[in-house]
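Listing of data_8.tsv; format and content: TSV, C-alpha atoms.
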```
chain	number	residue	atom	x	y	z
X	30	MET	CA	131.45	112.73	104.59
X	31	LEU	CA	128.95	112.03	107.38
X	32	ILE	CA	127.74	108.43	107.69
X	33	LEU	CA	124.58	108.03	109.76
X	34	THR	CA	124.31	104.57	111.29
X	35	ASN	CA	121.67	102.65	113.20
X	36	ALA	CA	122.17	103.14	116.92
X	37	ASN	CA	120.79	99.63	117.48
X	38	ALA	CA	123.07	97.94	114.93
X	39	GLY	CA	124.66	94.66	115.93
X	40	THR	CA	128.35	93.91	116.25
X	41	HIS	CA	128.63	92.64	112.67
X	42	ASP	CA	127.15	95.84	111.21
X	43	THR	CA	129.40	97.99	113.39
X	44	GLU	CA	132.51	96.14	112.22
X	45	THR	CA	131.40	96.46	108.59
X	46	LEU	CA	130.85	100.20	108.94
X	47	GLU	CA	134.22	100.74	110.60
X	48	ARG	CA	135.85	98.88	107.71
X	49	ILE	CA	133.95	100.96	105.15
X	50	ALA	CA	134.88	104.20	106.91
X	51	ALA	CA	138.54	103.17	106.86
X	52	LEU	CA	138.35	102.44	103.12
X	53	LEU	CA	136.83	105.85	102.44
X	54	ARG	CA	139.45	107.61	104.57
X	55	GLU	CA	142.23	106.09	102.43
X	56	GLY	CA	141.46	108.71	99.80
X	57	GLY	CA	142.12	111.49	102.28
X	58	ARG	CA	138.45	112.10	102.99
X	59	GLU	CA	137.15	113.25	106.32
X	60	VAL	CA	134.65	110.58	107.39
X	61	ALA	CA	132.52	110.74	110.53
X	62	LEU	CA	130.33	107.89	111.80
X	63	ARG	CA	127.33	108.94	113.86
X	64	PRO	CA	124.81	106.48	115.36
X	65	THR	CA	121.23	107.74	115.25
X	66	GLY	CA	118.12	106.22	116.75
X	67	SER	CA	115.60	109.06	116.43
X	68	PRO	CA	114.88	112.20	114.38
X	69	GLU	CA	116.41	114.20	117.24
X	70	ASP	CA	119.66	112.22	116.97
X	71	LEU	CA	119.67	112.85	113.24
X	72	ASP	CA	119.14	116.58	113.72
X	73	ARG	CA	122.02	116.78	116.20
X	74	ALA	CA	124.34	114.96	113.80
X	75	LEU	CA	123.39	117.29	110.94
X	76	ASP	CA	123.86	120.34	113.16
X	77	GLU	CA	127.36	119.18	114.10
X	78	HIS	CA	128.30	118.50	110.46
X	79	PRO	CA	126.84	121.34	108.38
X	80	ALA	CA	126.94	121.63	104.62
X	81	GLY	CA	130.16	123.19	103.43
X	82	GLY	CA	132.25	120.84	105.56
X	83	SER	CA	132.15	117.18	106.50
X	84	GLY	CA	128.37	117.20	106.00
X	85	ASP	CA	128.42	118.02	102.30
X	86	VAL	CA	127.78	114.31	101.64
X	87	VAL	CA	125.41	112.65	104.13
X	88	VAL	CA	125.21	108.85	103.89
X	89	ALA	CA	122.41	106.67	105.25
X	90	ALA	CA	123.75	103.27	106.33
X	91	GLY	CA	120.64	101.12	106.37
X	92	GLY	CA	117.58	100.25	104.34
X	93	ASP	CA	114.73	102.12	102.71
X	94	GLY	CA	113.49	103.35	106.08
X	95	SER	CA	116.86	104.92	106.85
X	96	ILE	CA	117.19	106.80	103.56
X	97	HIS	CA	113.51	107.79	103.75
X	98	GLY	CA	114.06	109.24	107.23
X	99	LEU	CA	117.18	111.13	106.16
X	100	VAL	CA	115.57	112.74	103.11
X	101	THR	CA	112.50	113.61	105.18
X	102	ARG	CA	114.60	115.43	107.79
X	103	LEU	CA	116.75	117.22	105.21
X	104	ARG	CA	113.65	118.52	103.44
X	105	ALA	CA	112.04	119.61	106.70
X	106	ARG	CA	115.24	121.49	107.59
X	107	GLY	CA	115.39	123.19	104.19
X	108	GLU	CA	118.69	121.44	103.42
X	109	LEU	CA	117.68	118.89	100.80
X	110	GLY	CA	118.95	121.00	97.93
X	111	GLY	CA	122.20	121.91	99.67
X	112	ARG	CA	123.55	118.47	100.49
X	113	THR	CA	124.35	115.35	98.50
X	114	VAL	CA	122.96	112.07	99.83
X	115	GLY	CA	124.66	108.68	99.77
X	116	LEU	CA	123.46	105.18	100.60
X	117	LEU	CA	125.13	102.12	102.11
X	118	PRO	CA	122.41	99.45	101.64
X	119	MET	CA	122.12	97.43	104.85
X	120	GLY	CA	118.36	96.89	105.03
X	121	THR	CA	115.87	94.14	104.25
X	122	GLY	CA	114.37	95.19	100.93
X	123	ASN	CA	116.82	97.86	99.72
X	124	ASP	CA	114.36	98.90	97.03
X	125	LEU	CA	115.95	102.28	96.35
X	126	ALA	CA	119.40	100.75	95.95
X	127	ARG	CA	118.03	98.08	93.59
X	128	ASN	CA	116.13	100.63	91.51
X	129	LEU	CA	119.14	102.95	91.18
X	130	GLY	CA	121.74	100.24	90.61
X	131	ILE	CA	123.62	100.95	93.84
X	132	PRO	CA	125.66	97.84	94.77
X	133	LEU	CA	124.12	95.86	97.60
X	134	ASP	CA	127.48	94.75	98.99
X	135	PRO	CA	129.07	97.31	101.36
X	136	GLU	CA	132.44	97.43	99.60
X	137	GLY	CA	130.85	98.01	96.21
X	138	ALA	CA	128.63	100.73	97.64
X	139	ALA	CA	131.67	102.34	99.28
X	140	ARG	CA	133.55	102.41	95.97
X	141	LEU	CA	130.55	104.14	94.43
X	142	LEU	CA	130.53	106.71	97.23
X	143	ALA	CA	134.22	107.37	96.60
X	144	ASP	CA	134.12	107.57	92.81
X	145	GLY	CA	130.50	108.16	91.81
X	146	THR	CA	128.73	111.35	90.84
X	147	PRO	CA	125.42	112.77	92.11
X	148	ARG	CA	122.15	112.25	90.23
X	149	GLU	CA	119.19	114.60	90.54
X	150	LEU	CA	116.00	112.70	91.37
X	151	ASP	CA	112.32	113.41	91.93
X	152	ILE	CA	110.34	112.84	95.11
X	153	LEU	CA	106.66	112.70	95.96
X	154	VAL	CA	105.45	114.97	98.77
X	155	ASP	CA	102.16	114.62	100.66
X	156	GLU	CA	100.13	117.47	102.14
X	157	ASP	CA	101.89	117.08	105.51
X	158	GLY	CA	105.38	117.30	104.01
X	159	GLY	CA	106.01	113.54	104.09
X	160	VAL	CA	108.16	112.26	101.24
X	161	VAL	CA	108.14	109.19	99.01
X	162	LEU	CA	111.30	108.06	97.26
X	163	ASN	CA	110.19	104.75	95.72
X	164	ALA	CA	106.48	104.08	95.99
X	165	VAL	CA	103.39	104.64	98.10
X	166	HIS	CA	100.59	102.07	98.26
X	167	VAL	CA	97.02	102.36	99.45
X	168	GLY	CA	95.07	99.16	100.03
X	169	ILE	CA	96.62	95.73	99.97
X	170	GLY	CA	100.16	97.09	99.58
X	171	ALA	CA	99.84	98.81	102.96
X	172	THR	CA	98.20	95.93	104.81
X	173	ALA	CA	100.76	93.52	103.34
X	174	ALA	CA	103.64	95.68	104.59
X	175	ARG	CA	102.15	95.85	108.07
X	176	ARG	CA	101.72	92.07	108.20
X	177	ALA	CA	105.26	91.53	106.87
X	178	THR	CA	106.88	93.55	109.65
X	179	ARG	CA	106.92	90.78	112.25
X	180	PHE	CA	108.48	88.33	109.80
X	181	LYS	CA	111.37	90.54	108.62
X	182	PRO	CA	113.88	89.46	111.31
X	183	TYR	CA	113.49	85.83	110.23
X	184	LEU	CA	112.59	85.87	106.54
X	185	LYS	CA	114.32	89.08	105.36
X	186	ALA	CA	113.06	90.06	101.88
X	187	ALA	CA	110.82	86.96	101.72
X	188	ALA	CA	108.71	88.55	104.48
X	189	PHE	CA	107.17	90.86	101.87
X	190	SER	CA	105.86	87.91	99.86
X	191	LEU	CA	104.37	86.29	102.97
X	192	GLY	CA	102.72	89.56	103.97
X	193	ALA	CA	101.22	89.85	100.50
X	194	VAL	CA	99.87	86.28	100.63
X	195	LEU	CA	98.24	86.84	104.03
X	196	SER	CA	96.66	90.10	102.90
X	197	GLY	CA	95.52	88.59	99.62
X	198	MET	CA	93.63	85.90	101.54
X	199	ARG	CA	91.78	88.40	103.72
X	200	GLU	CA	91.29	91.71	101.93
X	201	THR	CA	88.47	92.32	99.46
X	202	GLY	CA	89.08	95.96	98.59
X	203	TRP	CA	88.32	99.55	99.57
X	204	ASN	CA	85.80	102.03	98.17
X	205	LEU	CA	87.92	104.87	96.82
X	206	ARG	CA	88.03	107.74	94.36
X	207	VAL	CA	91.29	108.43	92.53
X	208	GLN	CA	92.15	111.70	90.81
X	209	ALA	CA	95.22	112.39	88.65
X	210	ASP	CA	96.19	116.00	87.97
X	211	GLY	CA	92.73	117.08	89.13
X	212	GLU	CA	90.79	114.71	86.85
X	213	SER	CA	88.90	111.64	88.08
X	214	VAL	CA	90.47	108.46	86.70
X	215	ALA	CA	88.81	105.76	88.80
X	216	GLU	CA	86.02	105.39	91.35
X	217	GLY	CA	84.79	102.18	92.93
X	218	ARG	CA	86.06	99.25	94.97
X	219	PHE	CA	89.79	98.67	94.50
X	220	LEU	CA	92.35	96.19	95.75
X	221	MET	CA	95.24	98.64	95.47
X	222	VAL	CA	96.11	102.14	94.40
X	223	ALA	CA	99.84	102.73	94.01
X	224	LEU	CA	102.05	105.63	93.01
X	225	SER	CA	105.53	104.68	91.92
X	226	ASN	CA	108.59	106.81	91.30
X	227	ALA	CA	110.66	103.75	90.31
X	228	SER	CA	110.18	100.21	89.05
X	229	GLY	CA	110.70	97.50	91.67
X	230	ILE	CA	109.22	97.14	95.15
X	231	ALA	CA	109.11	94.58	97.98
X	232	GLY	CA	112.78	93.68	97.85
X	233	GLY	CA	112.75	93.14	94.10
X	234	THR	CA	109.89	90.60	94.23
X	235	ALA	CA	107.44	92.81	92.31
X	236	GLN	CA	107.71	95.17	89.36
X	237	LEU	CA	105.07	97.77	90.13
X	238	ALA	CA	105.95	100.19	87.33
X	239	ALA	CA	108.15	98.72	84.63
X	240	ASP	CA	108.58	102.15	83.02
X	241	GLY	CA	109.08	103.98	86.29
X	242	HIS	CA	112.14	106.21	86.57
X	243	PRO	CA	112.95	108.41	89.58
X	244	GLY	CA	114.14	111.32	87.47
X	245	ASP	CA	111.66	111.57	84.59
X	246	GLY	CA	109.35	114.20	86.11
X	247	ARG	CA	106.29	111.98	86.38
X	248	VAL	CA	104.78	109.37	88.68
X	249	GLU	CA	103.36	106.04	87.58
X	250	LEU	CA	99.80	105.42	88.86
X	251	VAL	CA	98.40	101.89	89.10
X	252	VAL	CA	94.80	101.24	90.20
X	253	SER	CA	93.71	97.61	90.55
X	254	ALA	CA	90.08	96.50	90.77
X	255	ALA	CA	91.09	92.83	91.08
X	256	THR	CA	88.99	92.26	94.20
X	257	GLY	CA	87.64	88.74	93.53
X	258	PRO	CA	89.50	85.66	94.86
X	259	LEU	CA	90.79	84.48	91.48
X	260	ALA	CA	91.40	88.03	90.27
X	261	ARG	CA	93.58	88.76	93.32
X	262	VAL	CA	95.74	85.72	92.59
X	263	GLY	CA	96.03	86.62	88.91
X	264	PHE	CA	96.95	90.19	89.71
X	265	ALA	CA	99.62	89.09	92.20
X	266	LEU	CA	101.21	86.74	89.65
X	267	ARG	CA	101.25	89.42	86.96
X	268	LEU	CA	102.62	91.97	89.44
X	269	ARG	CA	105.72	89.86	90.01
X	270	LYS	CA	106.49	90.03	86.28
X	271	GLY	CA	105.42	93.64	85.76
X	272	THR	CA	102.66	92.73	83.28
X	273	HIS	CA	99.72	93.55	85.58
X	274	ARG	CA	99.05	96.88	83.85
X	275	HIS	CA	97.75	94.99	80.80
X	276	ARG	CA	94.87	93.44	82.76
X	277	GLU	CA	91.38	94.76	82.02
X	278	ASP	CA	90.76	95.43	85.73
X	279	VAL	CA	93.84	97.67	86.05
X	280	VAL	CA	94.11	101.39	85.26
X	281	HIS	CA	97.64	102.59	84.50
X	282	THR	CA	98.59	106.18	83.75
X	283	THR	CA	101.11	108.86	84.66
X	284	ALA	CA	100.61	112.13	86.51
X	285	CYS	CA	102.27	114.88	88.53
X	286	SER	CA	99.76	114.83	91.39
X	287	VAL	CA	97.40	112.14	92.68
X	288	THR	CA	94.58	112.41	95.22
X	289	ILE	CA	92.93	109.40	96.88
X	290	SER	CA	89.77	109.69	98.98
X	291	GLY	CA	87.11	107.37	100.35
X	292	GLU	CA	86.66	104.94	103.21
X	293	PRO	CA	89.52	104.78	105.77
X	294	PHE	CA	92.74	103.38	104.29
X	295	LEU	CA	96.35	102.87	105.30
X	296	ALA	CA	99.26	104.23	103.25
X	297	ASN	CA	102.63	102.52	102.87
X	298	ALA	CA	105.31	105.04	101.84
X	299	ASP	CA	108.71	103.39	101.25
X	300	GLY	CA	107.81	100.69	103.77
X	301	GLU	CA	106.57	103.14	106.43
X	302	VAL	CA	102.88	102.46	107.11
X	303	SER	CA	100.68	105.31	108.39
X	304	GLY	CA	97.01	106.20	108.66
X	305	PRO	CA	94.16	105.48	108.47
X	306	TYR	CA	93.18	108.37	106.19
X	307	THR	CA	90.08	109.28	104.24
X	308	HIS	CA	91.89	111.77	101.99
X	309	ARG	CA	95.50	111.96	100.84
X	310	CYS	CA	97.28	113.88	98.08
X	311	TRP	CA	100.80	113.41	96.71
X	312	THR	CA	102.56	115.87	94.40
X	313	LEU	CA	105.74	115.33	92.40
X	314	ASP	CA	108.69	117.57	93.27
X	315	ALA	CA	110.98	117.23	90.25
X	316	ARG	CA	114.76	117.02	90.70
X	317	ALA	CA	114.40	117.88	94.37
X	318	TRP	CA	117.48	116.02	95.68
X	319	ARG	CA	120.82	114.52	94.75
X	320	ILE	CA	122.14	111.03	95.50
X	321	ILE	CA	125.38	109.36	94.49
X	322	ALA	CA	124.28	106.60	92.13
X	323	PRO	CA	125.24	105.07	88.77
X	324	GLY	CA	124.22	107.23	85.80
```
Produce structure tokens that represent the structure in this file.
Amino acid sequence: MLILTNANAGTHDTETLERIAALLREGGREVALRPTGSPEDLDRALDEHPAGGSGDVVVAAGGDGSIHGLVTRLRARGELGGRTVGLLPMGTGNDLARNLGIPLDPEGAARLLADGTPRELDILVDEDGGVVLNAVHVGIGATAARRATRFKPYLKAAAFSLGAVLSGMRETGWNLRVQADGESVAEGRFLMVALSNASGIAGGTAQLAADGHPGDGRVELVVSAATGPLARVGFALRLRKGTHRHREDVVHTTACSVTISGEPFLANADGEVSGPYTHRCWTLDARAWRIIAPG
């Protein structure tokens, strides 16, 4: 088992990981801890621990950004189908862990790694090969994530809510066209367009797609036209409960591919903000990877 750690982790995290590694070795497993701070570091660690040996199970010790980066590199290397992925949640939001039922405490997650079985899950892939494990947002979801970044060290998961409030006060929407499986489903000025492969986002503070499941072979699409001041507030309140899809200014459907085009927009994929873009397409890759998670 190869555990990839954050090269910039503090003393407390390092002690926790050493304790977890010791617990996993009690079962006679070969466990290697490798600090990584860049894609190059990650590649070197994977090269040194190939599949078929200690790298059969590769564990990301960190948050959504860490597991996102690992899956991205494995897919780029052509190794996503040949390795099993594990997760030790040590991030801010831990959305993937929450959505899959992976324990948030390190000891509980370690027990799952020792005794659990792999699950096959879907991913979303953009035209540049970028992956999405949980959700990708265009519009206010992306600007909120960017504004939340500076507050994460102090507010942890609450930073997402503050970022959303700040964005909700300033953003009035983007002119976009949205296509699902090649058919136009919405065109106009929208507050948010979101594709979700799971249910919860933003550290569990919002239920973007109540019916979302990362292994059901479809993606949940939510398009919100709640651009007015009161409408934005109402949408945000309903989003927290997962009832926003019943609003008249929201389009909700499922698809296997989604294309968004229009005026320049940012995209927030699993907390990683990129862009601006004027055109972006995401396609579902069903059962593309395996992660140790509760059934």
Which residues are close to Val60 in chain X, i.e. within 9 Å by all atoms listed in the file, leaving aside same-chain residues fewer than 6 positions away? Reply as a list in words.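 In the requested form, the answer reads Met30, Leu31, Ile32, Ala50, Ala51, Leu53, Arg54 and Ser83 of chain X.
Nearest residue to Pro135 in chain X, choosing from X:Gly91, X:Gly107, X:Gly291, X:Gly122 and counting only C-alpha atoms: X:Gly91.
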To one decimal place in Å, what is the distance between CA of Leu103 in chain X and CA of Met119 in chain X?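 Between CA of Leu103 in chain X and CA of Met119 in chain X the gap is 20.5 Å.
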Please list as number ranges by chain every residue within 6 Å of range 251-259 of chain X, counting all atoms listed in the file and excluding residues in the same chain fewer than 3 positions away. X: 201-202, 219-223, 262, 278-281
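Picture a line from CA of Arg267 in chain X to CA of Glu292 in chain X; it runs 26.8 Å.
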